[in-house]
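Undergrad: This is protein14.txt (compact mmCIF, N, CA and C atoms).
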```txt
# COMPACT_ATOMS: atom_id res chain seq x y z
N MET P 563 0.84 -1.18 0.00
CA MET P 563 0.00 0.00 0.00
C MET P 563 0.88 1.23 0.00
N SER P 564 0.52 2.23 -0.78
CA SER P 564 1.32 3.44 -0.85
C SER P 564 1.05 4.32 0.35
N GLU P 565 1.85 5.37 0.48
CA GLU P 565 1.73 6.23 1.66
C GLU P 565 0.42 7.01 1.71
N ASN P 566 -0.28 7.17 0.57
CA ASN P 566 -1.55 7.88 0.60
C ASN P 566 -2.73 6.95 0.86
N GLY P 567 -2.47 5.66 1.11
CA GLY P 567 -3.52 4.73 1.48
C GLY P 567 -4.19 4.05 0.30
N VAL P 568 -3.72 4.26 -0.89
CA VAL P 568 -4.31 3.63 -2.06
C VAL P 568 -3.52 2.37 -2.37
N GLY P 569 -4.23 1.25 -2.55
CA GLY P 569 -3.56 -0.02 -2.83
C GLY P 569 -3.00 -0.07 -4.23
N ASP P 570 -2.16 -1.03 -4.45
CA ASP P 570 -1.52 -1.22 -5.75
C ASP P 570 -2.51 -1.89 -6.70
N GLY P 571 -2.77 -1.27 -7.85
CA GLY P 571 -3.70 -1.82 -8.83
C GLY P 571 -3.24 -3.14 -9.41
N ARG P 572 -1.93 -3.35 -9.43
CA ARG P 572 -1.42 -4.61 -9.97
C ARG P 572 -1.82 -5.78 -9.09
N SER P 573 -1.83 -5.60 -7.77
CA SER P 573 -2.22 -6.70 -6.89
C SER P 573 -3.70 -7.00 -7.06
N PHE P 574 -4.51 -5.98 -7.31
CA PHE P 574 -5.93 -6.20 -7.57
C PHE P 574 -6.11 -7.00 -8.85
N ALA P 575 -5.40 -6.60 -9.90
CA ALA P 575 -5.50 -7.31 -11.18
C ALA P 575 -5.02 -8.75 -11.04
N ALA P 576 -3.96 -8.95 -10.29
CA ALA P 576 -3.45 -10.31 -10.07
C ALA P 576 -4.49 -11.15 -9.34
N GLY P 577 -5.17 -10.54 -8.39
CA GLY P 577 -6.24 -11.25 -7.67
C GLY P 577 -7.39 -11.63 -8.59
N LEU P 578 -7.74 -10.72 -9.50
CA LEU P 578 -8.79 -11.03 -10.46
C LEU P 578 -8.41 -12.20 -11.35
N VAL P 579 -7.18 -12.18 -11.85
CA VAL P 579 -6.72 -13.25 -12.73
C VAL P 579 -6.67 -14.57 -11.97
N LEU P 580 -6.16 -14.55 -10.77
CA LEU P 580 -6.08 -15.77 -9.97
C LEU P 580 -7.48 -16.31 -9.70
N GLY P 581 -8.40 -15.44 -9.35
CA GLY P 581 -9.78 -15.87 -9.10
C GLY P 581 -10.41 -16.48 -10.34
N ALA P 582 -10.16 -15.88 -11.50
CA ALA P 582 -10.70 -16.41 -12.75
C ALA P 582 -10.14 -17.80 -13.04
N LEU P 583 -8.84 -17.98 -12.82
CA LEU P 583 -8.22 -19.28 -13.06
C LEU P 583 -8.76 -20.35 -12.12
N ILE P 584 -8.91 -20.00 -10.87
CA ILE P 584 -9.45 -20.95 -9.89
C ILE P 584 -10.89 -21.29 -10.25
N GLY P 585 -11.67 -20.27 -10.61
CA GLY P 585 -13.06 -20.51 -11.00
C GLY P 585 -13.16 -21.42 -12.21
N ALA P 586 -12.31 -21.19 -13.19
CA ALA P 586 -12.32 -22.04 -14.39
C ALA P 586 -11.95 -23.47 -14.04
N GLY P 587 -10.97 -23.63 -13.18
CA GLY P 587 -10.57 -24.97 -12.76
C GLY P 587 -11.67 -25.71 -12.02
N VAL P 588 -12.33 -25.01 -11.12
CA VAL P 588 -13.44 -25.63 -10.37
C VAL P 588 -14.58 -25.98 -11.31
N THR P 589 -14.85 -25.10 -12.27
CA THR P 589 -15.90 -25.37 -13.25
C THR P 589 -15.60 -26.65 -14.02
N LEU P 590 -14.36 -26.81 -14.43
CA LEU P 590 -13.99 -28.02 -15.18
C LEU P 590 -14.13 -29.28 -14.33
N LEU P 591 -13.76 -29.18 -13.08
CA LEU P 591 -13.81 -30.35 -12.20
C LEU P 591 -15.23 -30.79 -11.88
N PHE P 592 -16.14 -29.84 -11.72
CA PHE P 592 -17.48 -30.17 -11.26
C PHE P 592 -18.56 -29.98 -12.32
N ALA P 593 -18.18 -29.85 -13.56
CA ALA P 593 -19.15 -29.61 -14.63
C ALA P 593 -19.94 -30.88 -14.93
N PRO P 594 -21.28 -30.79 -14.86
CA PRO P 594 -22.10 -31.97 -15.16
C PRO P 594 -22.37 -32.13 -16.66
N GLN P 595 -21.98 -31.17 -17.48
CA GLN P 595 -22.27 -31.22 -18.90
C GLN P 595 -21.08 -31.78 -19.69
N SER P 596 -21.30 -31.92 -20.97
CA SER P 596 -20.26 -32.48 -21.85
C SER P 596 -19.08 -31.51 -21.96
N GLY P 597 -17.99 -32.00 -22.52
CA GLY P 597 -16.80 -31.16 -22.70
C GLY P 597 -17.07 -29.97 -23.60
N GLU P 598 -17.84 -30.20 -24.68
CA GLU P 598 -18.16 -29.10 -25.60
C GLU P 598 -18.98 -28.03 -24.89
N GLU P 599 -19.98 -28.46 -24.11
CA GLU P 599 -20.81 -27.50 -23.37
C GLU P 599 -19.98 -26.76 -22.33
N THR P 600 -19.06 -27.47 -21.69
CA THR P 600 -18.20 -26.85 -20.69
C THR P 600 -17.30 -25.80 -21.33
N ARG P 601 -16.71 -26.13 -22.48
CA ARG P 601 -15.87 -25.15 -23.18
C ARG P 601 -16.65 -23.92 -23.59
N ARG P 602 -17.87 -24.11 -24.05
CA ARG P 602 -18.73 -22.99 -24.44
C ARG P 602 -19.02 -22.11 -23.22
N LEU P 603 -19.33 -22.75 -22.10
CA LEU P 603 -19.60 -22.01 -20.86
C LEU P 603 -18.36 -21.22 -20.43
N ILE P 604 -17.20 -21.85 -20.50
CA ILE P 604 -15.96 -21.17 -20.11
C ILE P 604 -15.68 -19.99 -21.04
N ARG P 605 -15.90 -20.17 -22.34
CA ARG P 605 -15.71 -19.07 -23.29
C ARG P 605 -16.62 -17.89 -22.95
N ARG P 606 -17.89 -18.19 -22.68
CA ARG P 606 -18.83 -17.12 -22.33
C ARG P 606 -18.39 -16.40 -21.07
N ARG P 607 -18.02 -17.18 -20.07
CA ARG P 607 -17.61 -16.57 -18.80
C ARG P 607 -16.31 -15.78 -18.97
N ALA P 608 -15.40 -16.27 -19.79
CA ALA P 608 -14.15 -15.56 -20.03
C ALA P 608 -14.42 -14.24 -20.74
N LYS P 609 -15.33 -14.25 -21.71
CA LYS P 609 -15.69 -13.01 -22.40
C LYS P 609 -16.34 -12.02 -21.43
N ARG P 610 -17.22 -12.52 -20.59
CA ARG P 610 -17.87 -11.65 -19.60
C ARG P 610 -16.84 -11.10 -18.63
N PHE P 611 -15.92 -11.96 -18.19
CA PHE P 611 -14.87 -11.51 -17.28
C PHE P 611 -14.01 -10.43 -17.93
N ALA P 612 -13.63 -10.65 -19.19
CA ALA P 612 -12.81 -9.66 -19.90
C ALA P 612 -13.56 -8.34 -20.05
N ARG P 613 -14.84 -8.41 -20.39
CA ARG P 613 -15.64 -7.20 -20.54
C ARG P 613 -15.75 -6.45 -19.21
N ASP P 614 -16.03 -7.21 -18.13
CA ASP P 614 -16.12 -6.58 -16.81
C ASP P 614 -14.79 -5.98 -16.38
N ALA P 615 -13.69 -6.68 -16.66
CA ALA P 615 -12.37 -6.17 -16.31
C ALA P 615 -12.07 -4.88 -17.07
N ARG P 616 -12.42 -4.86 -18.37
CA ARG P 616 -12.22 -3.64 -19.17
C ARG P 616 -13.04 -2.48 -18.62
N ASP P 617 -14.30 -2.76 -18.27
CA ASP P 617 -15.16 -1.71 -17.72
C ASP P 617 -14.60 -1.17 -16.40
N ARG P 618 -14.16 -2.07 -15.54
CA ARG P 618 -13.60 -1.64 -14.26
C ARG P 618 -12.31 -0.85 -14.45
N TYR P 619 -11.49 -1.28 -15.41
CA TYR P 619 -10.26 -0.56 -15.71
C TYR P 619 -10.58 0.85 -16.20
N GLU P 620 -11.54 0.96 -17.10
CA GLU P 620 -11.93 2.28 -17.61
C GLU P 620 -12.47 3.17 -16.49
N ASP P 621 -13.28 2.59 -15.60
CA ASP P 621 -13.79 3.35 -14.46
C ASP P 621 -12.66 3.83 -13.57
N LEU P 622 -11.72 2.94 -13.29
CA LEU P 622 -10.58 3.29 -12.45
C LEU P 622 -9.74 4.38 -13.11
N LYS P 623 -9.53 4.25 -14.42
CA LYS P 623 -8.76 5.24 -15.15
C LYS P 623 -9.46 6.61 -15.10
N ASP P 624 -10.79 6.61 -15.26
CA ASP P 624 -11.55 7.86 -15.19
C ASP P 624 -11.46 8.49 -13.80
N ARG P 625 -11.57 7.66 -12.77
CA ARG P 625 -11.47 8.17 -11.40
C ARG P 625 -10.09 8.75 -11.13
N ALA P 626 -9.06 8.07 -11.61
CA ALA P 626 -7.69 8.56 -11.41
C ALA P 626 -7.50 9.89 -12.15
N ARG P 627 -8.05 9.99 -13.34
CA ARG P 627 -7.95 11.24 -14.11
C ARG P 627 -8.67 12.37 -13.37
N ASP P 628 -9.86 12.08 -12.80
CA ASP P 628 -10.60 13.10 -12.04
C ASP P 628 -9.81 13.57 -10.82
N VAL P 629 -9.21 12.63 -10.11
CA VAL P 629 -8.41 12.98 -8.92
C VAL P 629 -7.23 13.84 -9.34
N ARG P 630 -6.55 13.45 -10.42
CA ARG P 630 -5.43 14.23 -10.91
C ARG P 630 -5.85 15.64 -11.30
N ASP P 631 -6.96 15.74 -12.01
CA ASP P 631 -7.44 17.05 -12.45
C ASP P 631 -7.81 17.93 -11.26
N ARG P 632 -8.47 17.34 -10.26
CA ARG P 632 -8.82 18.11 -9.06
C ARG P 632 -7.58 18.57 -8.31
N ALA P 633 -6.57 17.69 -8.24
CA ALA P 633 -5.33 18.06 -7.55
C ALA P 633 -4.61 19.17 -8.29
N GLN P 634 -4.57 19.08 -9.60
CA GLN P 634 -3.92 20.14 -10.38
C GLN P 634 -4.68 21.46 -10.23
N LYS P 635 -5.99 21.40 -10.18
CA LYS P 635 -6.79 22.61 -10.02
C LYS P 635 -6.54 23.22 -8.63
N ALA P 636 -6.47 22.34 -7.61
CA ALA P 636 -6.24 22.83 -6.26
C ALA P 636 -4.86 23.49 -6.14
N ILE P 637 -3.89 22.93 -6.81
CA ILE P 637 -2.54 23.50 -6.80
C ILE P 637 -2.52 24.86 -7.50
N ALA P 638 -3.27 24.94 -8.61
CA ALA P 638 -3.30 26.18 -9.39
C ALA P 638 -4.04 27.30 -8.66
N ASP P 639 -5.00 26.94 -7.80
CA ASP P 639 -5.79 27.97 -7.09
C ASP P 639 -5.07 28.54 -5.94
```
Could you quickly redo this structure as structure tokens?

TA:
Amino acid sequence: MSENGVGDGRSFAAGLVLGALIGAGVTLLFAPQSGEETRRLIRRRAKRFARDARDRYEDLKDRARDVRDRAQKAIAD
């Protein structure tokens, strides 16, 4: 954690990737459907995960930009 109390985004991303891998592994182990159906399910979930990760990244980027802009404005005032 940095001195301003904000966590490292890389550790968050690593946690997301690890969670996705564990989830995929558990899905494969306990899937009651055929291999083809399981692969289709994993593809759908992976696409959803990627879309959600992109959305969260964009939100985080926008929030960071807003904080930066406010800080620059406060410095200028």

Undergrad: Using atom CA of Ala586 of chain P and atom CA of Arg607 of chain P as the two end points, give the distance in Å to one decimal.

TA: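 Atom CA of Arg607 of chain P lies at a distance of 8.8 Å from atom CA of Ala586 of chain P.
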
Undergrad: Please compute the atom N of Leu578 of chain P-atom C of Gln595 of chain P distance, one decimal, in Å.

TA: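 Going from atom N of Leu578 of chain P over to atom C of Gln595 of chain P, I get 26.9 Å.
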
Undergrad: For Thr600 of chain P, find every residue with an atom within 10 Å (counting only C-alpha atoms), except residues of its own chain fewer than 6 positions away, and show them as a PyMOL selection string.

TA: chain P and resi 586+589-590+593-594+606

Undergrad: To one decimal in Å, tell me the separation between atom N of Arg572 of chain P and atom C of Arg605 of chain P.

TA: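 Result for atom N of Arg572 of chain P versus atom C of Arg605 of chain P: 24.7 Å, one decimal.
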
Undergrad: Report the residues of chain P whose backbone DSSP state falls under alpha helix (DSSP H), written as a ChimeraX atom specification.

TA: /P:571-592,597-638
